[in-house]
Each structure stands twice: as C-alpha cells, then as structure tokens.
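K.L.:
Contents are compact mmCIF, C-alpha atoms; file name upload_28.txt:
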# COMPACT_ATOMS: atom_id res chain seq x y z
CA LEU A 22 53.17 38.55 0.03
CA PHE A 23 51.96 37.29 3.39
CA SER A 24 48.78 39.34 3.20
CA VAL A 25 48.11 38.04 -0.30
CA LEU A 26 48.58 34.44 0.83
CA ALA A 27 46.43 35.07 3.89
CA GLY A 28 43.75 36.57 1.66
CA PHE A 29 43.92 33.55 -0.65
CA ALA A 30 43.54 31.14 2.28
CA GLU A 31 40.71 33.20 3.71
CA GLY A 32 38.95 33.11 0.36
CA MET A 33 39.27 29.33 0.19
CA MET A 34 37.72 29.00 3.63
CA LEU A 35 34.80 31.23 2.61
CA ALA A 36 33.92 28.72 -0.10
CA VAL A 37 33.59 25.85 2.35
CA ALA A 38 31.48 27.63 4.95
CA PRO A 39 28.35 25.53 5.62
CA ALA A 40 25.76 27.44 3.58
CA PRO A 41 27.88 27.75 0.41
CA LEU A 42 29.04 24.16 0.81
CA LEU A 43 25.44 22.92 0.89
CA ALA A 44 24.76 24.71 -2.41
CA ILE A 45 28.02 23.51 -4.00
CA VAL A 46 27.41 19.88 -3.08
CA ALA A 47 23.77 20.09 -4.21
CA ILE A 48 24.70 21.52 -7.63
CA GLY A 49 27.52 19.00 -7.93
CA LEU A 50 25.19 16.09 -7.20
CA LEU A 51 22.66 17.40 -9.72
CA ALA A 52 25.34 17.83 -12.37
CA GLY A 53 26.74 14.36 -11.74
CA GLN A 54 23.34 12.72 -11.54
CA GLY A 55 22.37 14.22 -14.89
CA GLY A 56 25.69 13.33 -16.50
CA ARG A 57 26.62 16.97 -17.04
CA SER A 58 29.70 17.13 -14.90
CA GLY A 59 31.68 19.03 -17.54
CA LEU A 60 29.60 22.08 -18.45
CA ILE A 61 28.11 22.85 -15.05
CA PRO A 62 31.41 23.63 -13.27
CA ALA A 63 32.39 25.90 -16.16
CA LEU A 64 29.14 27.87 -15.89
CA PHE A 65 29.49 27.92 -12.13
CA ALA A 66 33.00 29.40 -12.43
CA LEU A 67 31.68 31.94 -14.93
CA GLY A 68 28.98 32.90 -12.45
CA MET A 69 31.60 33.33 -9.76
CA LEU A 70 33.53 35.62 -12.06
CA ALA A 71 30.40 37.69 -12.64
CA GLY A 72 29.78 37.86 -8.90
CA SER A 73 33.35 38.93 -8.25
CA LEU A 74 33.03 41.67 -10.85
CA ALA A 75 29.84 42.84 -9.14
CA ILE A 76 31.74 43.06 -5.86
CA ALA A 77 34.53 44.97 -7.58
CA LEU A 78 31.89 47.40 -8.83
CA ALA A 79 30.95 47.96 -5.19
CA MET A 80 27.59 46.25 -5.35
CA ARG A 81 25.71 46.57 -2.07
CA GLU A 82 24.96 43.70 0.25
CA THR A 83 22.68 41.14 -1.39
CA PRO A 84 20.53 38.31 0.00
CA SER A 85 23.00 35.90 -1.59
CA VAL A 86 23.01 33.50 1.35
CA LEU A 87 19.25 33.08 0.98
CA VAL A 88 19.76 32.32 -2.72
CA LEU A 89 22.39 29.72 -1.83
CA LEU A 90 20.14 28.07 0.75
CA ALA A 91 17.10 28.14 -1.53
CA THR A 92 19.21 26.60 -4.27
CA ALA A 93 20.51 23.90 -1.93
CA ALA A 94 16.97 23.13 -0.77
CA SER A 95 15.36 22.95 -4.20
CA VAL A 96 18.24 21.15 -5.87
CA GLY A 97 18.52 18.76 -2.90
CA VAL A 98 14.86 17.80 -3.29
CA THR A 99 15.37 17.38 -7.04
CA VAL A 100 18.36 15.08 -6.47
CA ALA A 101 16.52 13.11 -3.77
CA ALA A 102 13.57 12.59 -6.09
CA ALA A 103 15.94 11.80 -9.00
CA ILE A 104 14.01 14.22 -11.22
CA VAL A 105 15.54 14.70 -14.64
CA VAL A 106 15.85 18.45 -15.17
CA PRO A 107 16.31 19.92 -18.67
CA PRO A 108 19.78 21.39 -19.31
CA PHE A 109 18.75 25.05 -19.58
CA PRO A 110 17.44 25.53 -16.01
CA VAL A 111 20.35 23.55 -14.58
CA ASN A 112 22.85 25.68 -16.49
CA GLY A 113 21.17 28.86 -15.32
CA LEU A 114 21.09 27.59 -11.76
CA ALA A 115 24.80 26.77 -11.86
CA PHE A 116 25.62 30.27 -13.11
CA ALA A 117 23.36 31.93 -10.52
CA THR A 118 24.79 29.82 -7.71
CA GLY A 119 28.32 30.77 -8.70
CA ALA A 120 27.38 34.44 -8.73
CA ALA A 121 25.59 34.17 -5.38
CA LEU A 122 28.56 32.38 -3.85
CA ALA A 123 30.96 35.11 -4.95
CA LEU A 124 28.60 37.80 -3.65
CA ASN A 125 28.30 35.90 -0.36
CA ALA A 126 32.06 35.90 0.07
CA PRO A 127 33.18 39.51 -0.07
CA PRO A 128 36.89 39.69 0.76
CA GLN A 129 37.69 40.85 4.26
CA ALA A 130 41.20 41.94 3.30
CA ILE A 131 41.98 45.64 3.31
CA GLY A 132 44.49 45.76 0.45
CA ILE A 133 43.39 45.31 -3.14
CA PRO A 134 45.91 42.54 -4.00
CA ALA A 135 44.85 40.55 -0.93
CA ALA A 136 41.18 41.11 -1.78
CA ILE A 137 41.73 39.84 -5.31
CA ALA A 138 43.66 36.85 -3.94
CA SER A 139 40.73 36.16 -1.60
CA GLN A 140 38.27 36.13 -4.50
CA ILE A 141 40.56 33.86 -6.49
CA GLY A 142 40.86 31.55 -3.50
CA THR A 143 37.10 31.37 -3.16
CA GLY A 144 36.71 30.67 -6.85
CA ILE A 145 39.32 27.92 -6.95
CA ALA A 146 38.10 26.18 -3.80
CA ALA A 147 34.43 26.34 -4.77
CA THR A 148 34.98 25.19 -8.34
CA ALA A 149 37.33 22.41 -7.25
CA ALA A 150 34.78 21.20 -4.69
CA LEU A 151 32.05 21.30 -7.34
CA VAL A 152 34.14 19.36 -9.84
CA LEU A 153 35.01 16.79 -7.17
CA VAL A 154 31.39 16.24 -6.16
CA ALA A 155 30.09 16.25 -9.72
CA SER A 156 32.67 13.74 -10.92
CA MET A 157 31.99 11.42 -8.00
CA ALA A 158 28.23 11.65 -8.52
CA ALA A 159 28.70 11.01 -12.24
CA GLY A 160 30.75 7.93 -11.39
CA ALA A 161 28.04 6.56 -9.14
CA ASP A 162 26.86 3.86 -11.50
CA ARG A 163 26.04 1.08 -9.06
CA PRO A 164 22.47 1.09 -7.73
CA TRP A 165 23.49 1.60 -4.11
CA GLN A 166 25.78 4.46 -5.13
CA ARG A 167 22.92 6.19 -6.95
CA ILE A 168 20.80 5.71 -3.83
CA GLY A 169 23.62 7.24 -1.81
CA VAL A 170 23.51 10.31 -4.05
CA ARG A 171 19.75 10.60 -3.48
CA VAL A 172 20.13 10.21 0.28
CA LEU A 173 22.78 12.95 0.30
CA GLY A 174 20.38 15.13 -1.68
CA SER A 175 17.68 14.66 0.93
CA TRP A 176 20.10 15.50 3.75
CA ILE A 177 21.22 18.68 1.98
CA ALA A 178 17.63 19.71 1.27
CA ALA A 179 16.57 19.10 4.86
CA SER A 180 19.50 21.09 6.27
CA ALA A 181 18.98 23.97 3.84
CA ILE A 182 15.21 24.14 4.42
CA LEU A 183 15.72 24.38 8.18
CA VAL A 184 18.36 27.10 7.97
CA LEU A 185 16.36 29.01 5.40
CA ALA A 186 13.33 28.93 7.68
CA LEU A 187 15.43 30.05 10.62
CA ARG A 188 16.86 32.98 8.69
CA LEU A 189 13.50 34.08 7.35
CA ALA A 190 11.91 33.78 10.78
CA ARG A 191 14.43 36.11 12.39
CA MET B 16 29.15 8.91 11.58
CA LYS B 17 32.38 8.83 9.63
CA MET B 18 32.56 5.04 9.86
CA ALA B 19 29.03 4.65 8.60
CA ALA B 20 29.68 7.11 5.81
CA MET B 21 32.85 5.29 4.82
CA VAL B 22 30.99 2.00 4.74
CA LEU B 23 28.24 3.53 2.64
CA PHE B 24 30.51 5.17 0.15
CA SER B 25 33.44 2.80 0.00
CA GLY B 26 34.25 1.21 -3.31
CA SER B 27 36.42 1.65 -6.33
CA ARG B 28 34.84 5.00 -7.03
CA GLY B 29 34.32 5.77 -3.39
CA PHE B 30 32.71 8.84 -1.98
CA ALA B 31 35.28 9.11 0.78
CA PRO B 32 36.68 12.42 -0.51
CA LEU B 33 33.18 13.89 -0.52
CA VAL B 34 32.58 12.78 3.03
CA ILE B 35 35.91 14.26 4.06
CA LEU B 36 35.02 17.48 2.26
CA LEU B 37 31.73 17.70 4.14
CA ALA B 38 33.43 16.88 7.42
CA ILE B 39 36.11 19.55 7.10
CA GLY B 40 33.78 22.27 5.92
CA THR B 41 34.67 25.21 8.10
CA PRO B 42 33.58 28.78 8.34
CA ALA B 43 35.45 31.85 7.41
CA CYS B 44 35.98 33.96 10.48
CA ALA B 45 33.99 36.72 8.82
CA HIS B 46 30.87 34.57 8.89
CA SER B 47 30.03 34.70 12.54
CA GLY B 48 29.04 31.64 14.51
CA ASP B 49 30.99 28.69 15.81
CA THR B 50 30.73 26.25 12.94
CA ALA B 51 32.65 23.33 14.43
CA GLY B 52 30.77 23.74 17.71
CA GLY B 53 27.53 24.19 15.82
CA PHE B 54 28.06 21.03 13.80
CA LEU B 55 29.02 18.95 16.82
CA ALA B 56 26.14 20.34 18.87
CA GLY B 57 23.77 19.56 16.00
CA PHE B 58 25.21 16.10 15.55
CA ALA B 59 24.91 15.34 19.25
CA HIS B 60 21.40 16.81 19.50
CA PRO B 61 19.41 13.75 18.35
CA LEU B 62 21.85 11.35 19.97
CA PHE B 63 21.06 12.61 23.47
CA GLY B 64 17.34 11.99 23.11
CA PRO B 65 16.82 8.25 23.54
CA ASP B 66 13.27 8.52 22.22
CA HIS B 67 14.61 10.16 19.06
CA VAL B 68 17.39 7.58 18.76
CA VAL B 69 15.17 4.51 18.96
CA ALA B 70 12.61 5.98 16.58
CA MET B 71 15.30 6.79 14.00
CA VAL B 72 16.78 3.31 14.30
CA ALA B 73 13.27 1.90 13.92
CA VAL B 74 12.83 3.77 10.61
CA GLY B 75 15.96 2.10 9.25
CA LEU B 76 15.02 -1.27 10.72
CA TRP B 77 11.56 -1.17 9.21
CA GLY B 78 12.92 -0.02 5.86
CA ALA B 79 15.36 -2.93 5.80
CA PHE B 80 12.59 -5.28 6.86
CA LEU B 81 10.34 -4.08 4.05
CA ARG B 82 13.25 -4.36 1.59
CA GLN B 83 13.31 -2.57 -1.79
CA PRO B 84 12.34 0.18 -2.33
CA ALA B 85 11.40 1.01 1.27
CA ILE B 86 14.95 0.39 2.46
CA TRP B 87 16.09 3.60 0.77
CA LEU B 88 12.79 5.43 0.30
CA LEU B 89 12.00 5.79 4.01
CA PRO B 90 15.41 7.31 4.89
CA ILE B 91 15.02 9.74 1.98
CA VAL B 92 11.47 10.75 2.88
CA PHE B 93 12.11 11.13 6.60
CA PRO B 94 14.63 14.03 6.50
CA LEU B 95 12.59 15.94 3.94
CA VAL B 96 9.36 15.70 5.92
CA MET B 97 11.30 16.28 9.14
CA ALA B 98 12.51 19.57 7.65
CA PHE B 99 8.90 20.53 6.96
CA GLY B 100 8.12 19.79 10.61
CA GLY B 101 11.15 21.85 11.56
CA VAL B 102 9.81 24.81 9.60
CA LEU B 103 6.53 24.54 11.52
CA GLY B 104 8.52 24.52 14.76
CA ILE B 105 10.62 27.52 13.77
CA ALA B 106 7.52 29.41 12.64
CA GLY B 107 5.89 28.65 15.98
CA VAL B 108 2.88 26.93 14.46
CA PRO B 109 1.25 25.14 17.38
CA ILE B 110 1.22 21.36 17.14
CA PRO B 111 -0.30 19.58 20.12
CA SER B 112 1.33 16.69 21.97
CA VAL B 113 4.65 16.74 20.15
CA GLU B 114 6.45 14.66 22.77
CA THR B 115 3.58 12.20 22.77
CA GLY B 116 3.89 11.94 19.00
CA ILE B 117 7.62 11.23 19.30
CA ALA B 118 7.06 8.52 21.89
CA ALA B 119 4.23 7.11 19.79
CA SER B 120 6.56 6.97 16.80
CA ALA B 121 8.87 4.63 18.70
CA ILE B 122 5.93 2.49 19.82
CA VAL B 123 4.29 2.24 16.40
CA LEU B 124 7.45 1.82 14.31
CA GLY B 125 8.91 -0.61 16.83
CA ALA B 126 5.68 -2.58 16.81
CA MET B 127 5.67 -2.67 13.00
CA VAL B 128 9.10 -4.29 13.10
CA ALA B 129 8.23 -6.60 15.98
CA LEU B 130 5.07 -7.78 14.23
CA ALA B 131 6.87 -8.04 10.88
CA ALA B 132 4.15 -5.83 9.41
CA ARG B 133 4.37 -5.39 5.65
CA PRO B 134 1.78 -2.76 4.71
CA PRO B 135 1.67 -1.19 1.23
CA LEU B 136 4.62 1.10 0.56
CA TRP B 137 2.50 4.26 0.57
CA THR B 138 1.18 3.39 4.03
CA ALA B 139 4.70 3.02 5.37
CA VAL B 140 5.77 6.30 3.75
CA VAL B 141 2.77 8.19 5.15
CA LEU B 142 3.25 6.70 8.62
CA VAL B 143 6.95 7.55 8.72
CA GLY B 144 6.23 10.99 7.24
CA VAL B 145 3.64 11.82 9.90
CA PHE B 146 6.04 10.89 12.68
CA ALA B 147 8.85 12.81 10.98
CA ILE B 148 6.79 15.98 11.42
CA PHE B 149 6.80 15.52 15.21
CA HIS B 150 10.55 14.88 15.29
CA GLY B 151 11.25 17.82 12.97
CA TYR B 152 8.99 20.10 14.98
CA ALA B 153 10.88 19.31 18.18
CA HIS B 154 14.21 19.93 16.46
CA GLY B 155 12.95 23.13 14.84
CA ARG B 156 11.88 24.55 18.19
CA GLU B 157 15.36 23.91 19.57
CA LEU B 158 17.44 25.23 16.65
CA PRO B 159 19.86 27.74 18.14
CA GLY B 160 19.92 31.27 16.84
CA GLY B 161 23.43 32.10 18.00
CA ALA B 162 25.62 29.29 16.78
CA ASP B 163 26.08 28.68 13.08
CA PRO B 164 22.59 27.40 12.20
CA ALA B 165 23.67 25.80 8.93
CA ALA B 166 26.33 23.75 10.68
CA PHE B 167 23.89 22.81 13.45
CA ALA B 168 21.17 21.76 10.99
CA ALA B 169 23.64 19.78 8.86
CA GLY B 170 24.96 18.10 12.00
CA PHE B 171 21.65 16.90 13.26
CA VAL B 172 20.36 15.89 9.82
CA ILE B 173 23.52 13.82 9.29
CA ALA B 174 23.16 12.30 12.78
CA THR B 175 19.55 11.44 12.00
CA GLY B 176 20.56 9.87 8.71
CA THR B 177 23.34 7.96 10.41
CA LEU B 178 20.85 6.51 12.88
CA HIS B 179 18.75 5.41 9.92
CA LEU B 180 21.82 3.74 8.44
CA CYS B 181 22.47 1.99 11.76
CA GLY B 182 18.90 0.71 11.69
CA ILE B 183 19.29 -0.46 8.08
CA ALA B 184 22.56 -2.22 8.91
CA LEU B 185 20.91 -3.97 11.84
CA GLY B 186 17.84 -4.71 9.74
CA LEU B 187 19.90 -6.48 7.10
CA LEU B 188 20.28 -9.29 9.62
CA ALA B 189 16.66 -10.14 8.81
CA ARG B 190 17.91 -12.02 5.75
CA TRP B 191 18.66 -14.93 8.03
CA PRO B 192 16.04 -16.68 10.21
CA ALA B 193 17.97 -16.08 13.44
CA GLY B 194 18.62 -12.49 12.39
CA GLN B 195 14.94 -11.96 11.69
CA LEU B 196 14.21 -12.97 15.24
CA ALA B 197 16.85 -10.56 16.51
CA VAL B 198 15.46 -7.72 14.40
CA ARG B 199 11.92 -8.35 15.60
CA ALA B 200 13.19 -8.45 19.17
CA ALA B 201 14.92 -5.11 18.58
CA GLY B 202 11.62 -3.75 17.28
CA ALA B 203 9.85 -4.95 20.41
CA ALA B 204 12.53 -3.31 22.57
CA ILE B 205 12.08 -0.03 20.68
CA ALA B 206 8.32 -0.17 21.18
CA LEU B 207 8.87 -0.85 24.88
CA ILE B 208 11.21 2.14 25.23
CA GLY B 209 8.62 4.28 23.47
CA ALA B 210 5.95 3.02 25.88
CA VAL B 211 8.15 3.89 28.85
CA TYR B 212 8.61 7.42 27.49
CA LEU B 213 4.92 7.74 26.83
CA GLY B 214 4.24 6.53 30.38
CA GLY B 215 6.56 9.23 31.68
CA LEU B 216 4.67 11.88 29.76
CA VAL B 217 1.23 10.90 31.01
Would you write the structure of this file as structure tokens?
P.N.:
Amino acid sequence: LFSVLAGFAEGMMLAVAPAPLLAIVAIGLLAGQGGRSGLIPALFALGMLAGSLAIALAMRETPSVLVLLATAASVGVTVAAAIVVPPFPVNGLAFATGAALALNAPPQAIGIPAAIASQIGTGIAATAALVLVASMAAGADRPWQRIGVRVLGSWIAASAILVLALRLAR
Amino acid sequence: MKMAAMVLFSGSRGFAPLVILLAIGTPACAHSGDTAGGFLAGFAHPLFGPDHVVAMVAVGLWGAFLRQPAIWLLPIVFPLVMAFGGVLGIAGVPIPSVETGIAASAIVLGAMVALAARPPLWTAVVLVGVFAIFHGYAHGRELPGGADPAAFAAGFVIATGTLHLCGIALGLLARWPAGQLAVRAAGAAIALIGAVYLGGLV
C-alpha cells in the first residue's frame, strides 16, 4: 500500500514539474479565454489516457518535453495576443498536450500497481490544475483580469521559448 | 513577487490559487535539476543587476505614464521580445555592445519618463522591443545548463514582470500633479543610473 501511495504522490509531482506546468497553465488560459473551460479538460484527460496507454505498450522515449514547451510557447503567444482560435485546433492541442504530458511522466515505480498509481496521480493532478486555471481564466470578466490573463500568457511564452531554445541548442 | 501577484489578482474571483499553484510547482525527483534552486536563482538573476532593475521599472513607469493601452501592452511585448533576444543569446548569435544597449535602455526609457514623452504607441512598442532584445540576449547567455532551466527561465521572467508591475504601480501616481512630478523625478534618476553604468563601460 505504501508503494502505491508513494507512486501516486510521485505521479502528482510529475504533473507540476516546470515544463508540464507551463503547458498546463497555457492550455488552461486558452480554454478559459475562449470560454471553453468544459470540453478542453475532458479532451486533455483523454489525451493523458492515450499517453498512458502508449507507455503501457512500452513506447520508447519521445520528445514529449519539446512538444510541451512548444505548446506552452505557441499557446502563450496566442493568449498574450488574445487571438481567437477556432475550436478544432484548440481541441486537438488539448488532446496532444495531455498525451505528451503522460509520455513525459513515465512512472519511476518498479511495481505495476505503483506505476499505475503514479499515472493516475499524474492524470488527476494535471487535469485538476487545468480545470482550476481554465475556470479562473473563464471567470476573468473584468478588463484588468483579462489583461492579467494576457500578461500571464506572455510570461509563459517567454519562459517556454527560452527553455526550448536551450534544449535545442544542447 | 507574491505580494505583487496577490495585488494583481485579488478580487472576488481572484487568481490567488493560480499564483499559489505556480509558486509551489515542484519537480519530480526523476526530472533532474534543482527546481526550487533554479527558480530562486532565476528570480534573483535580474534583481541583482541594477541596470536591469531600473530599466524594467522604467518600462512599467513609461507604460503607466502613457496610459491605455501602453500600460499593459508594453509589459506584454517586453517578455516576448526578450525571449527572442534570449534565443539569440543561447544560439550564440553575436550582438555587439549588449551591455551598452542595456545601459542605454535605462537612459532612454528613463528620459522618456522624465520628459513626459508621449510618442505614438508603435514608437513606444518598437523602442521597448529593441531594448528587450539586449536584456534577453544577456539573460540568454547566462542561462544555466545544469539547474532546471524551465524553473530558472520562469523565475527570471516572473521577476522581470514583477519589476514591470512595480514600475506600473509607481507610475499610477502620475494621476496626481505631485505624483507626476515624483514619477518624472524617478525617470530622471533611472536615466542617471543608466548614464553612470554607461560611463563605467566606456
């Protein structure tokens, strides 16, 4: 039981590592800004499920962290510029980000139950964080709150662009 | 930083939980790198460069002085263009006289505030954007490879943004005649600090 709980906690922490968190907050802001705070988290969770299945099928290491950073950068710029994006690309992006996040968080636990608990932990933490951000961004109806969302978008984009460049330069 | 963030996002539908979420973001042990240390090092990075600090405050001051939409447009544009400058720095693209450009940013932006200059919005955006490249370049050259780079980058971008917010908060004093004088005096002081740094470089 302890190893399962430890795996669950470890999985939750994987979801809030800096690079995944940048992508989660970016997608959440985009969802909230576009008033789609309901569907996006569902597609994101579905993407995470797909990513977890891919890990279970022993998929090899993927450049998922680069996908997360690229997503954070592009979505951050979109949020900062307050560009209205059609639903289809946003939905696809949410699904892909969920999948990339799951692939970026392979469980470190040795036992299968603990590994599954780790994936569940990652999924719950990431989806909860996304729902939280999206609902807050959707509730930002005052002008200064909407500006705050755009400023956050620019900060996320700037951070992600720098880290992406650093990783690609190595 | 947290105080400024709380002030920014306080309200009935406050963003405080989001700020807390961002602040507690921690790494899994499996993802190597010291995230907390990386974030703090990144956050402290711009704060220990007085020339950076005054220039960032000047961006916020000038934005507040120019009022809508510059008050929020300049702090949005700056980090994005700064990131572009950072990419140039990471890629090792040579840019001459970076430190001179940073000192000049304090002089020019401080002077804009001191002189109560109100150029067209695009001019202000271009001016701030050009200087952001120098600041970003310097940061990009100093991004650590060992510590968690995402935490470091997030830290120093948030610190930069917080300095903008400080400048905006100070700049809001310009709504009153006495405050306007104080803001213009602050602009003159920033320009003077920039001149001192530029003098040290020559």
K.L.:
Could you give me, as CSV, a per-residue list for chain A showing, wherever an atom lies at most 8 Å from an atom of chain B, the closest pair of atoms and their distance in Å to one decimal, using all atoms listed in the file and sorting by chain then residue number from low to high?
P.N.:
residue,atom,partner,partner_atom,distance
A:Glu31,CA,B:Ala43,CA,6.6
A:Gly32,CA,B:Ala43,CA,8.0
A:Met34,CA,B:Ala43,CA,5.3
A:Leu35,CA,B:Ala43,CA,4.9
A:Val37,CA,B:Gly40,CA,5.1
A:Ala38,CA,B:Pro42,CA,4.2
A:Pro39,CA,B:Ala166,CA,5.7
A:Ala40,CA,B:Ala165,CA,6.0
A:Leu42,CA,B:Gly40,CA,7.2
A:Val98,CA,B:Leu95,CA,7.8
A:Ala101,CA,B:Ile91,CA,6.8
A:Gln129,CA,B:Ala45,CA,7.2
A:Ala150,CA,B:Leu36,CA,7.9
A:Leu153,CA,B:Leu33,CA,7.5
A:Val154,CA,B:Leu33,CA,6.4
A:Met157,CA,B:Phe30,CA,6.6
A:Gly160,CA,B:Arg28,CA,6.7
A:Ala161,CA,B:Arg28,CA,7.3
A:Gln166,CA,B:Phe24,CA,7.1
A:Ile168,CA,B:Trp87,CA,6.9
A:Gly169,CA,B:Leu23,CA,7.4
A:Arg171,CA,B:Ile91,CA,7.3
A:Val172,CA,B:Ile91,CA,5.4
A:Ser175,CA,B:Ile91,CA,5.7
A:Trp176,CA,B:Val172,CA,6.1
A:Ile177,CA,B:Ala169,CA,7.4
A:Ala178,CA,B:Leu95,CA,6.8
A:Ala179,CA,B:Ala98,CA,4.9
A:Ser180,CA,B:Ala168,CA,5.1
A:Ala181,CA,B:Ala165,CA,7.2
A:Ile182,CA,B:Ala98,CA,6.2
A:Leu183,CA,B:Ala98,CA,5.8
A:Val184,CA,B:Ala165,CA,5.6
A:Ala186,CA,B:Val102,CA,5.7
A:Leu187,CA,B:Ile105,CA,6.3
A:Ala190,CA,B:Ala106,CA,6.5
K.L.:
I'd like the neighbourhood of stretch 189-200 of chain B as a ChimeraX atom specification, where a residue qualifies if any of its atoms comes within 12 Å (using all atoms listed in the file), though same-chain residues fewer than 5 positions away should be ignored.
P.N.:
/B:72-73,75-82,124-132,182-184,205-207
K.L.:
One number please: atom CA of A:Thr99 to atom CA of A:Ala146, in Å, one decimal.
P.N.:
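Interatomic distance here is 24.6 Å.
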K.L.:
Quick one: everything within 12 Å of B:Pro65, counting all atoms listed in the file, minus sequence neighbours fewer than 2 positions away in the same chain. Send it as number ranges by chain.
P.N.:
B: 59-63, 67-72, 117-118, 121, 178, 205, 208-209, 211-212
K.L.:
I'd like the contact shell of A:Val106 - 12 Å cut-off, only C-alpha atoms, skipping same-chain residues fewer than 4 positions apart - returned as a ChimeraX atom specification.
P.N.:
/A:51-52,54-57,95-96,98-100,102,110-114
K.L.:
Could you work out how far atom CA of A:Thr118 lies from atom CA of A:Leu151, giving the answer in Å with one decimal?
P.N.:
11.2 Å
K.L.:
Give, as JSON, the centre coordinates and the x, y and z edge lengths in Å to one decimal for an axis-aligned box around all listed atoms of stretch 165-177 of chain A, padded by 6 Å on each side.
P.N.:
{"center_x": 21.7, "center_y": 10.1, "center_z": -1.6, "size_x": 20.1, "size_y": 29.1, "size_z": 22.7}
K.L.:
What is the distance, in Å and to one decimal place, between atom CA of A:Thr92 and atom CA of B:Thr177?
P.N.:
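Answer for the atom CA of A:Thr92 to atom CA of B:Thr177 separation: 24.1 Å.
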K.L.:
Of the candidates A:Ala123, A:Ala36, A:Ala135, A:Ala159, which shows the shortest atom-to-atom distance to A:Pro84, using only C-alpha atoms?
P.N.:
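Once distances to A:Pro84 are computed over only C-alpha atoms, the minimum belongs to A:Ala123.
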K.L.:
Could you build a table of the residues in stretch 110-177 of chain A lying no more than 12 Å from stretch 72-82 of chain A, giving for each the nearest pair of atoms and their separation in Å rounded to one decimal place, using all atoms listed in the file, ordered by chain and ascending residue number, as a Markdown table?
P.N.:
| residue | atom | partner | partner_atom | distance |
| --- | --- | --- | --- | --- |
| A:Phe116 | CA | A:Gly72 | CA | 9.6 |
| A:Ala117 | CA | A:Gly72 | CA | 8.9 |
| A:Thr118 | CA | A:Gly72 | CA | 9.5 |
| A:Gly119 | CA | A:Gly72 | CA | 7.2 |
| A:Ala120 | CA | A:Gly72 | CA | 4.2 |
| A:Ala121 | CA | A:Gly72 | CA | 6.6 |
| A:Leu122 | CA | A:Gly72 | CA | 7.6 |
| A:Ala123 | CA | A:Gly72 | CA | 5.0 |
| A:Leu124 | CA | A:Gly72 | CA | 5.4 |
| A:Asn125 | CA | A:Glu82 | CA | 8.5 |
| A:Ala126 | CA | A:Ser73 | CA | 8.9 |
| A:Pro127 | CA | A:Ile76 | CA | 6.9 |
| A:Pro128 | CA | A:Ile76 | CA | 9.0 |
| A:Gln129 | CA | A:Ile76 | CA | 11.9 |
| A:Ile133 | CA | A:Ala77 | CA | 9.9 |
| A:Ala136 | CA | A:Ala77 | CA | 9.6 |
| A:Ile137 | CA | A:Ser73 | CA | 8.9 |
| A:Ala138 | CA | A:Ser73 | CA | 11.4 |
| A:Ser139 | CA | A:Ser73 | CA | 10.3 |
| A:Gln140 | CA | A:Ser73 | CA | 6.8 |
| A:Ile141 | CA | A:Ser73 | CA | 9.0 |
| A:Gly142 | CA | A:Ser73 | CA | 11.6 |
| A:Thr143 | CA | A:Ser73 | CA | 9.9 |
| A:Gly144 | CA | A:Ser73 | CA | 9.0 |
K.L.:
Hey, which of A:Leu60, A:Ile48, A:Leu87, A:Leu67 ends up closest to A:Leu189? Count only C-alpha atoms.
P.N.:
A:Leu87
K.L.:
Out of A:Ser156, A:Leu43, A:Gly174, A:Thr83, which residue has the shortest atom-to-atom distance to A:Ile104 when counting all atoms listed in the file?
P.N.:
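Of A:Ser156, A:Leu43, A:Gly174, A:Thr83, the one nearest A:Ile104 is A:Gly174, counting all atoms listed in the file.
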K.L.:
Where atoms are absent from stretch 96-112 of chain B, fill them in so it carries N, CA and C atoms, then output it as a tab-separated table (two decimals), in the frame of the given file.
P.N.:
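Saved the output as result-v5.tsv:
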chain	number	residue	atom	x	y	z
B	96	VAL	N	10.57	15.36	5.16
B	96	VAL	CA	9.36	15.70	5.92
B	96	VAL	C	9.73	16.27	7.29
B	97	MET	N	10.83	15.76	7.85
B	97	MET	CA	11.30	16.28	9.14
B	97	MET	C	11.62	17.77	9.01
B	98	ALA	N	12.21	18.16	7.87
B	98	ALA	CA	12.51	19.57	7.65
B	98	ALA	C	11.23	20.40	7.61
B	99	PHE	N	10.19	19.83	6.99
B	99	PHE	CA	8.90	20.53	6.96
B	99	PHE	C	8.38	20.72	8.39
B	100	GLY	N	8.50	19.67	9.20
B	100	GLY	CA	8.12	19.79	10.61
B	100	GLY	C	8.97	20.83	11.32
B	101	GLY	N	10.25	20.86	10.97
B	101	GLY	CA	11.15	21.85	11.56
B	101	GLY	C	10.73	23.26	11.23
B	102	VAL	N	10.28	23.48	10.00
B	102	VAL	CA	9.81	24.81	9.60
B	102	VAL	C	8.60	25.20	10.44
B	103	LEU	N	7.71	24.25	10.68
B	103	LEU	CA	6.53	24.54	11.52
B	103	LEU	C	6.98	24.93	12.93
B	104	GLY	N	8.00	24.22	13.42
B	104	GLY	CA	8.52	24.52	14.76
B	104	GLY	C	9.16	25.89	14.82
B	105	ILE	N	9.94	26.22	13.81
B	105	ILE	CA	10.62	27.52	13.77
B	105	ILE	C	9.58	28.64	13.65
B	106	ALA	N	8.56	28.39	12.84
B	106	ALA	CA	7.52	29.41	12.64
B	106	ALA	C	6.59	29.53	13.86
B	107	GLY	N	6.72	28.59	14.77
B	107	GLY	CA	5.89	28.65	15.98
B	107	GLY	C	4.46	28.20	15.76
B	108	VAL	N	4.23	27.46	14.69
B	108	VAL	CA	2.88	26.93	14.46
B	108	VAL	C	2.58	25.89	15.54
B	109	PRO	N	1.49	26.07	16.27
B	109	PRO	CA	1.25	25.14	17.38
B	109	PRO	C	0.86	23.74	16.91
B	110	ILE	N	1.59	22.76	17.38
B	110	ILE	CA	1.22	21.36	17.14
B	110	ILE	C	1.07	20.71	18.51
B	111	PRO	N	-0.09	20.15	18.78
B	111	PRO	CA	-0.30	19.58	20.12
B	111	PRO	C	0.44	18.26	20.32
B	112	SER	N	0.80	18.00	21.55
B	112	SER	CA	1.33	16.69	21.97
B	112	SER	C	2.52	16.21	21.13
